[in-house]
Amino acid sequence: MAGGQQQPEQYTVPRLARVFHDLPHLNVSLHSVDNTFDPHSEIYLESLGILGSVPAAWLILTLLVLLVYLVTRCCDRKPRPRRSIALLKCSLAILAVLCCGAVAVGLYGNDDVHNGLVQLVAAAKNVDGIVAAVRNQTDTIEVTLKRNVQTQLTALGDTFDAPVSNKTVLGVLLAALRNMQQNTSIAANRSFEIKRPLSGIGLADAIGTGERIEQLRWPVTMAALSALLVLCVVLLFGVARHSRCALITFSVFGLFAVIVSWLMASLYLATAVALGDLCVAPDGYLARAVPSTLASEVLSYYTHCENARSNPFTQRLRDGQRAVLNMRQNLNVVTPLAVGLYTDQQLQPELNGLMTDFKTVDRLMSGLATLLDCKPLHKQYVHAARSLCHLGLYGLTFMLLASLAAGLFFTVLVWVDSHTWIYIRKRRDYHQVDEQDPYLPPSAASQAIAARTLRGQGSYPPTAPPLVSNPRDVRNAIEQPLLLTPPPPSYATATARARRMHESMLKGGGVNGGGGGDHKSAQHNQQSASGRAEHRSGLGDQPGQYATLSKQCKTLESSDFY
């Protein structure tokens, strides 16, 4: 390479990689271990597991605290007074919005990780394509030289064994033939030496595995984070609608959200540390991972591609190209001499075939020189390293921070939510009876409650008092003793019964009034009242019972019932 050419773009270690790389790597006995990325080392994997267990330990502690709190809520059967939960609902709404923001950051980071892995796979495919192209061209050169050229040279040597008149020309032809055979072997050997270091490099399996993992990881992560967003929306709906059912639903599924968040944080932390260790020195890991057939200077040449470094394949490639050039020159010498000694039918197929094969090998050698240059491979290497260590690591960091924040937010949300829904009660079926004014009409609910209470205590009369319109019938009905048991428990209910009786008497014309009505209706009402009076006879003014109503009374006083 010329010294004036522009220096290729180099890989730079991101700051986040150094941060994760500097985190303590400890074994089970809490001793420091080597933080060099080595996925085949059990001690190194153990240190990653210990780092990942930190969020898992926090998750266990969080679940224990939440369990104790929820047990206290379940065992607390004391009725709660009505109180304002506006502050709790406002806190839930604010925390739910913040939690949605944290989950959204996780979605953004997941997209960055996906894009980084996609670019990494694309760069790996390009590298694998370049390496495969080098192997294919070297294989083609070997096949062309060993099968076609050597076969044709052997056939040409058989032709030269025929007796000729000019021994001097025959000696020149045989010397040129031996020279072509030697150059054919040299070119084939140099082609094999170029292919041998690259023969063990195969990225197809790794690329296929990475694609399958990413095809599964990306949608699963998106679905999990979307489910967390839906859970936050359920909480906001419950807060807005004052829905006890929605709040209880969030309280139950919020525990699963806490578990998922902290487990993802544990996985992301271990992965980020491992990725930081890799990104600090990716070329060092490649030097340990590549096959032993690939020399260190070859790998260093392609990972750095510095102007001061020479291509390790240059000498071998030059030897092969020189051998091909010598073969073409020897063929140019052999062709006119052989035509003068032998007929065209004996020489023409081999000579034409050798010329075509030499041109093919020369073209493949020139193309091989372009493929073996460091710039194409180095460009793909830098692109792959940046995709993984810059874009991928930054996205993974966002996902880690989002998982940690979501775990904390969901923990607080479950706590506050569990403290909120216990103060939300269903609407009561009745209201307390207002006893301030005994003559106010009671509500329908209070009347129903009073009736059920009286029936349960056996103090409700078997039949209602007669409602008559004739004053004479009213007086006859009032004079009869009332069958009453001990005082009812509700003063307002008794007052309402007395008021209804008074209103029925007023509608009939009054106690002393003389309102005239239908004579037949009056007789019928009188007979009905007499029948009910006979049913209640014998219970007039016994002790413990209400006194008989006076003929002149229009309202009942409270002293008549107590």
# chains A, B, ... in the order shown; residues from 1 in each chain; ligands from 1
call {"tool": "select_by_dssp", "arguments": {"residues": "stretch 230-315 of chain A", "states": "helix (DSSP H, G or I)", "output": "NGL selection string"}}
result
:A and (230-241 or 244-280 or 282-289 or 296-304 or 314-315)
call {"tool": "atom_distance", "arguments": {"atom1": "atom CA of A:Ala104", "atom2": "atom CA of A:Leu23"}}
result
27.0 Å
call {"tool": "residues_around", "arguments": {"residues": "A:Ala122", "least_positions_apart": "5", "cutoff": "12 Å", "atoms": "only C-alpha atoms", "output": "list in words"}}
result
Asn115, Gly116, Leu117, Val127, Asp128, Gly129, Leu203, Ala204, Ile207, Gly208, Gly210, Glu211, Gln380, Tyr381, His383, Ala384, Ala385, Ser387 and Leu388 of chain A
call {"tool": "residues_around", "arguments": {"residues": "A:Gly52", "least_positions_apart": "2", "cutoff": "6 Å", "atoms": "only C-alpha atoms", "output": "list in words"}}
result
Gly49, Ile50, Val54, Ser266, Leu269 and Ala270 of chain A
call {"tool": "residues_around", "arguments": {"residues": "stretch 181-198 of chain A", "least_positions_apart": "3", "cutoff": "10 Å", "atoms": "only C-alpha atoms", "output": "PyMOL selection string"}}
result
chain A and resi 131-132+134-146+149-150+153-154+175-178+201-202+290-295+298-299+312-328+330+358+361+365+368+372
call {"tool": "closest_residue", "arguments": {"among": "A:Cys99, A:Pro336, A:Leu391, A:Asn311", "to": "A:Val230", "atoms": "only C-alpha atoms"}}
result
A:Cys99
call {"tool": "atom_distance", "arguments": {"atom1": "atom CA of A:Leu231", "atom2": "atom CA of A:Ala265"}}
result
18.7 Å
call {"tool": "atom_distance", "arguments": {"atom1": "atom CA of A:Phe237", "atom2": "atom CA of A:Trp218"}}
result
28.6 Å
call {"tool": "closest_atom_pairs", "arguments": {"of": "stretch 40-128 of chain A", "to": "stretch 26-35 of chain A", "cutoff": "8 Å", "atoms": "only C-alpha atoms", "output": "JSON lines"}}
result
{"residue": "A:Ile43", "atom": "CA", "partner": "A:Asn27", "partner_atom": "CA", "distance": 6.8}
{"residue": "A:Tyr44", "atom": "CA", "partner": "A:Asn35", "partner_atom": "CA", "distance": 7.2}
{"residue": "A:Glu46", "atom": "CA", "partner": "A:Asn27", "partner_atom": "CA", "distance": 6.1}
{"residue": "A:Ser47", "atom": "CA", "partner": "A:Leu26", "partner_atom": "CA", "distance": 5.0}
{"residue": "A:Ile50", "atom": "CA", "partner": "A:Leu26", "partner_atom": "CA", "distance": 7.1}
call {"tool": "write_last_selection", "arguments": {"atoms": "all heavy atoms", "output": "tab-separated table (two decimals), in the first residue's frame"}}
result
chain	number	residue	atom	x	y	z
A	43	ILE	N	-15.61	-20.21	35.58
A	43	ILE	CA	-15.41	-19.17	36.60
A	43	ILE	C	-15.96	-17.84	36.11
A	43	ILE	O	-16.60	-17.09	36.86
A	43	ILE	CB	-13.92	-19.06	36.96
A	43	ILE	CG1	-13.42	-20.38	37.55
A	43	ILE	CG2	-13.68	-17.92	37.93
A	43	ILE	CD1	-11.94	-20.39	37.87
A	44	TYR	N	-15.71	-17.54	34.84
A	44	TYR	CA	-16.23	-16.28	34.29
A	44	TYR	C	-17.76	-16.29	34.26
A	44	TYR	O	-18.40	-15.29	34.62
A	44	TYR	CB	-15.66	-16.07	32.90
A	44	TYR	CG	-16.17	-14.82	32.21
A	44	TYR	CD1	-15.70	-13.57	32.56
A	44	TYR	CD2	-17.14	-14.91	31.23
A	44	TYR	CE1	-16.18	-12.43	31.95
A	44	TYR	CE2	-17.63	-13.77	30.60
A	44	TYR	CZ	-17.14	-12.53	30.97
A	44	TYR	OH	-17.62	-11.40	30.36
A	46	GLU	N	-19.64	-17.91	36.21
A	46	GLU	CA	-20.08	-17.83	37.60
A	46	GLU	C	-20.11	-16.38	38.08
A	46	GLU	O	-21.04	-15.95	38.78
A	46	GLU	CB	-19.13	-18.65	38.46
A	46	GLU	CG	-19.47	-18.68	39.94
A	46	GLU	CD	-18.48	-19.51	40.73
A	46	GLU	OE1	-18.35	-20.71	40.44
A	46	GLU	OE2	-17.81	-18.94	41.61
A	47	SER	N	-19.11	-15.60	37.67
A	47	SER	CA	-19.09	-14.18	38.06
A	47	SER	C	-20.25	-13.42	37.43
A	47	SER	O	-20.86	-12.55	38.07
A	47	SER	CB	-17.76	-13.55	37.66
A	47	SER	OG	-17.62	-13.54	36.24
A	50	ILE	N	-23.39	-14.20	39.42
A	50	ILE	CA	-23.46	-13.49	40.71
A	50	ILE	C	-23.91	-12.05	40.48
A	50	ILE	O	-24.73	-11.50	41.24
A	50	ILE	CB	-22.10	-13.55	41.41
A	50	ILE	CG1	-21.83	-14.99	41.86
A	50	ILE	CG2	-22.05	-12.59	42.60
A	50	ILE	CD1	-20.47	-15.18	42.49
